[in-house]
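Each remark here refers to the structure printed beneath this line.
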Amino acid sequence: MRLVELIDPFLDAIWSERGLAAASLDAYRRDLANLVRSLDESMDMPTRADLLQHFSSRIKNGASVASVTRQVACLRQFFAWVQRQGYLQDNPMLDLHSPARMHRLPNLLSEREVRDLLDQPKADTALGLRDRAMLETLYATGMRVSELVELPLSRLNLTRGLVRVIGKGGRERLIPLGEPAVLATEAWLRRGRPGLKPAGDRVFVSRSGLPLSRQAVWQRIRGHARACGIAGDIHPHRLRHSFATHLLDHGADLRVVQMLLGHADLATTQIYTHVSRSRLKSLYSRHHPRG
């Protein structure tokens, strides 16, 4: 069987086995399609040499280490599955390691920048109410943008100030919202959302009442960031990074932050302790008379 013919069955298999989110499945499909484009589409199965040549070409053509690392992980799972199905005797990805990856510290917003950003949407229109509620919710919970746009009304408990989030791998977590996010969301649901005649049960909808896309949220956040003078590329994940780091700055336990972020591995959360140390050193150097 040709390589291209195995992509859909593989994606169906990992969806049923692991419950991957739509965004993860899209990323897997792109990585597999990228491999097929670089090879002869009539090829049954690539050899180890073919794969090494593929990864080498990607790096030479400017692909980031993170992108290649992700594709290596995808292909490792793909060829292991292909082998289990009996289409392949020897796995060409066996013992093929990812390129070395530098761990960069997350790009953050300061607490003042966050306040300016959250105050930017004006509460005199439905979209202004929605954007303020979205920003308050993102910063209050640290949720991913995909989790935000997929959030249904049934998982929101404003009376108790809680939101139930289904994250990667179907993992569920219960996150406090905080009073500003509760008030902003109540205002949106009471005075903004009904006027847009929503077509479904999503908390946040577009001007036409349809579910918001991740790209639309990015665009709204960038627009508000520019309007209040915040420099650099602003995206929803910067609010997630800021949420985690500000919690640690104010004394939160690392395990609590791990739970709130929905990280399966504590090591993923630990990068924020390095960020907090960096910020501490920077503040010390800037403000101590002999720093």
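By convention here, the chains of the structure tokens are called A, B, ... in the order presented, each chain's residues are numbered starting at 1, and ligands are numbered starting at 1 in the order presented.
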Quick one: residues within 8 Å of Val163 (chain A), only C-alpha atoms, excluding same-chain residues fewer than 5 positions away - as a list in words?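 The contact residues come out as Arg155, Leu156, Asn157, Leu158, Leu174, Ile175, Pro176 and Leu177 of chain A.
The residue that comes closest to Val4 (chain A), out of A:Leu51, A:Leu210, A:Val82, A:Ala66 and on the basis of only C-alpha atoms, is A:Val82.
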Just the residues within 12 Å of region 258-275 of chain A, please, counting only C-alpha atoms, with nothing from its chain fewer than 2 positions along; format it as number ranges by chain. A: 103-109, 138-144, 147, 162-177, 237, 239-256, 277-282
Which of region 44-288 of chain A DSSP labels strand (DSSP E or B), written as a ChimeraX atom specification: /A:152,156-157,162-166,172-176,202,205,211
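The space separating CA of Ser208 (chain A) from CA of Arg190 (chain A) comes to 17.3 Å.
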Give me, as a PyMOL selection string, the residues of region 23-154 of chain A that a backbone DSSP run labels alpha helix (DSSP H). chain A and resi 23-38+48-60+65-84+111-119+126-141+145-149
Selection export as a PDB file, in the first residue's frame, atoms kept: C-alpha atoms:
ATOM      1  CA  ALA A  23      -5.716  20.998  16.066  1.00  0.00           C
ATOM      2  CA  SER A  24      -3.329  18.122  16.883  1.00  0.00           C
ATOM      3  CA  LEU A  25      -4.812  15.958  14.139  1.00  0.00           C
ATOM      4  CA  ASP A  26      -4.408  18.841  11.671  1.00  0.00           C
ATOM      5  CA  ALA A  27      -0.745  19.174  12.671  1.00  0.00           C
ATOM      6  CA  TYR A  28      -0.191  15.426  12.161  1.00  0.00           C
ATOM      7  CA  ARG A  29      -1.861  15.611   8.740  1.00  0.00           C
ATOM      8  CA  ARG A  30       0.356  18.533   7.689  1.00  0.00           C
ATOM      9  CA  ASP A  31       3.520  16.731   8.815  1.00  0.00           C
ATOM     10  CA  LEU A  32       2.582  13.565   6.915  1.00  0.00           C
ATOM     11  CA  ALA A  33       1.549  15.515   3.814  1.00  0.00           C
ATOM     12  CA  ASN A  34       4.869  17.366   3.959  1.00  0.00           C
ATOM     13  CA  LEU A  35       6.712  14.032   3.853  1.00  0.00           C
ATOM     14  CA  VAL A  36       4.620  12.749   0.948  1.00  0.00           C
ATOM     15  CA  ARG A  37       5.289  15.942  -1.065  1.00  0.00           C
ATOM     16  CA  SER A  38       9.021  15.585  -0.570  1.00  0.00           C
ATOM     17  CA  ARG A  48      15.735   5.279   6.624  1.00  0.00           C
ATOM     18  CA  ALA A  49      18.021   7.042   4.115  1.00  0.00           C
ATOM     19  CA  ASP A  50      14.969   8.686   2.481  1.00  0.00           C
ATOM     20  CA  LEU A  51      13.805  10.024   5.848  1.00  0.00           C
ATOM     21  CA  LEU A  52      17.233  11.317   6.815  1.00  0.00           C
ATOM     22  CA  GLN A  53      17.438  13.100   3.465  1.00  0.00           C
ATOM     23  CA  HIS A  54      13.972  14.568   4.036  1.00  0.00           C
ATOM     24  CA  PHE A  55      14.841  15.971   7.482  1.00  0.00           C
ATOM     25  CA  SER A  56      18.197  17.255   6.241  1.00  0.00           C
ATOM     26  CA  SER A  57      16.510  19.100   3.362  1.00  0.00           C
ATOM     27  CA  ARG A  58      13.971  20.672   5.681  1.00  0.00           C
ATOM     28  CA  ILE A  59      16.676  22.028   7.985  1.00  0.00           C
ATOM     29  CA  LYS A  60      18.742  23.314   5.036  1.00  0.00           C
ATOM     30  CA  VAL A  65      14.225  22.869  15.002  1.00  0.00           C
ATOM     31  CA  ALA A  66      10.842  22.866  16.764  1.00  0.00           C
ATOM     32  CA  SER A  67       9.039  22.126  13.484  1.00  0.00           C
ATOM     33  CA  VAL A  68      11.386  19.278  12.557  1.00  0.00           C
ATOM     34  CA  THR A  69      11.223  17.866  16.094  1.00  0.00           C
ATOM     35  CA  ARG A  70       7.434  17.812  15.927  1.00  0.00           C
ATOM     36  CA  GLN A  71       7.514  16.019  12.572  1.00  0.00           C
ATOM     37  CA  VAL A  72       9.990  13.440  13.870  1.00  0.00           C
ATOM     38  CA  ALA A  73       7.597  12.691  16.740  1.00  0.00           C
ATOM     39  CA  CYS A  74       4.679  12.400  14.314  1.00  0.00           C
ATOM     40  CA  LEU A  75       6.522  10.083  11.922  1.00  0.00           C
ATOM     41  CA  ARG A  76       7.786   7.939  14.776  1.00  0.00           C
ATOM     42  CA  GLN A  77       4.180   7.233  15.771  1.00  0.00           C
ATOM     43  CA  PHE A  78       3.053   6.847  12.165  1.00  0.00           C
ATOM     44  CA  PHE A  79       5.644   4.230  11.181  1.00  0.00           C
ATOM     45  CA  ALA A  80       5.188   2.328  14.445  1.00  0.00           C
ATOM     46  CA  TRP A  81       1.472   2.094  13.603  1.00  0.00           C
ATOM     47  CA  VAL A  82       2.215   1.087   9.993  1.00  0.00           C
ATOM     48  CA  GLN A  83       4.487  -1.677  11.265  1.00  0.00           C
ATOM     49  CA  ARG A  84       1.812  -2.906  13.696  1.00  0.00           C
ATOM     50  CA  GLU A 111       1.469  42.858  34.942  1.00  0.00           C
ATOM     51  CA  ARG A 112       1.000  46.453  33.836  1.00  0.00           C
ATOM     52  CA  GLU A 113       0.797  45.418  30.158  1.00  0.00           C
ATOM     53  CA  VAL A 114      -1.809  42.813  31.072  1.00  0.00           C
ATOM     54  CA  ARG A 115      -3.883  45.451  32.897  1.00  0.00           C
ATOM     55  CA  ASP A 116      -3.671  47.787  29.895  1.00  0.00           C
ATOM     56  CA  LEU A 117      -4.666  44.994  27.511  1.00  0.00           C
ATOM     57  CA  LEU A 118      -7.621  43.855  29.628  1.00  0.00           C
ATOM     58  CA  ASP A 119      -8.890  47.439  29.931  1.00  0.00           C
ATOM     59  CA  ALA A 126     -21.440  43.556  22.013  1.00  0.00           C
ATOM     60  CA  LEU A 127     -18.010  42.843  20.527  1.00  0.00           C
ATOM     61  CA  GLY A 128     -16.310  44.998  23.156  1.00  0.00           C
ATOM     62  CA  LEU A 129     -18.101  43.057  25.911  1.00  0.00           C
ATOM     63  CA  ARG A 130     -17.096  39.790  24.266  1.00  0.00           C
ATOM     64  CA  ASP A 131     -13.449  40.758  23.815  1.00  0.00           C
ATOM     65  CA  ARG A 132     -13.110  41.938  27.413  1.00  0.00           C
ATOM     66  CA  ALA A 133     -14.666  38.696  28.660  1.00  0.00           C
ATOM     67  CA  MET A 134     -12.354  36.646  26.433  1.00  0.00           C
ATOM     68  CA  LEU A 135      -9.227  38.465  27.599  1.00  0.00           C
ATOM     69  CA  GLU A 136     -10.218  38.290  31.259  1.00  0.00           C
ATOM     70  CA  THR A 137     -10.962  34.574  30.909  1.00  0.00           C
ATOM     71  CA  LEU A 138      -7.689  33.791  29.130  1.00  0.00           C
ATOM     72  CA  TYR A 139      -5.632  35.582  31.790  1.00  0.00           C
ATOM     73  CA  ALA A 140      -7.706  34.318  34.723  1.00  0.00           C
ATOM     74  CA  THR A 141      -7.478  30.672  33.682  1.00  0.00           C
ATOM     75  CA  VAL A 145      -7.092  29.500  22.743  1.00  0.00           C
ATOM     76  CA  SER A 146      -8.473  26.224  21.330  1.00  0.00           C
ATOM     77  CA  GLU A 147     -10.018  25.509  24.739  1.00  0.00           C
ATOM     78  CA  LEU A 148     -11.520  29.001  24.850  1.00  0.00           C
ATOM     79  CA  VAL A 149     -13.224  28.875  21.441  1.00  0.00           C
TER      80      VAL A 149
END
Separation of CA of Gly161 (chain A) and CA of Gly178 (chain A), in Å?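 These two atoms are separated by 6.3 Å.
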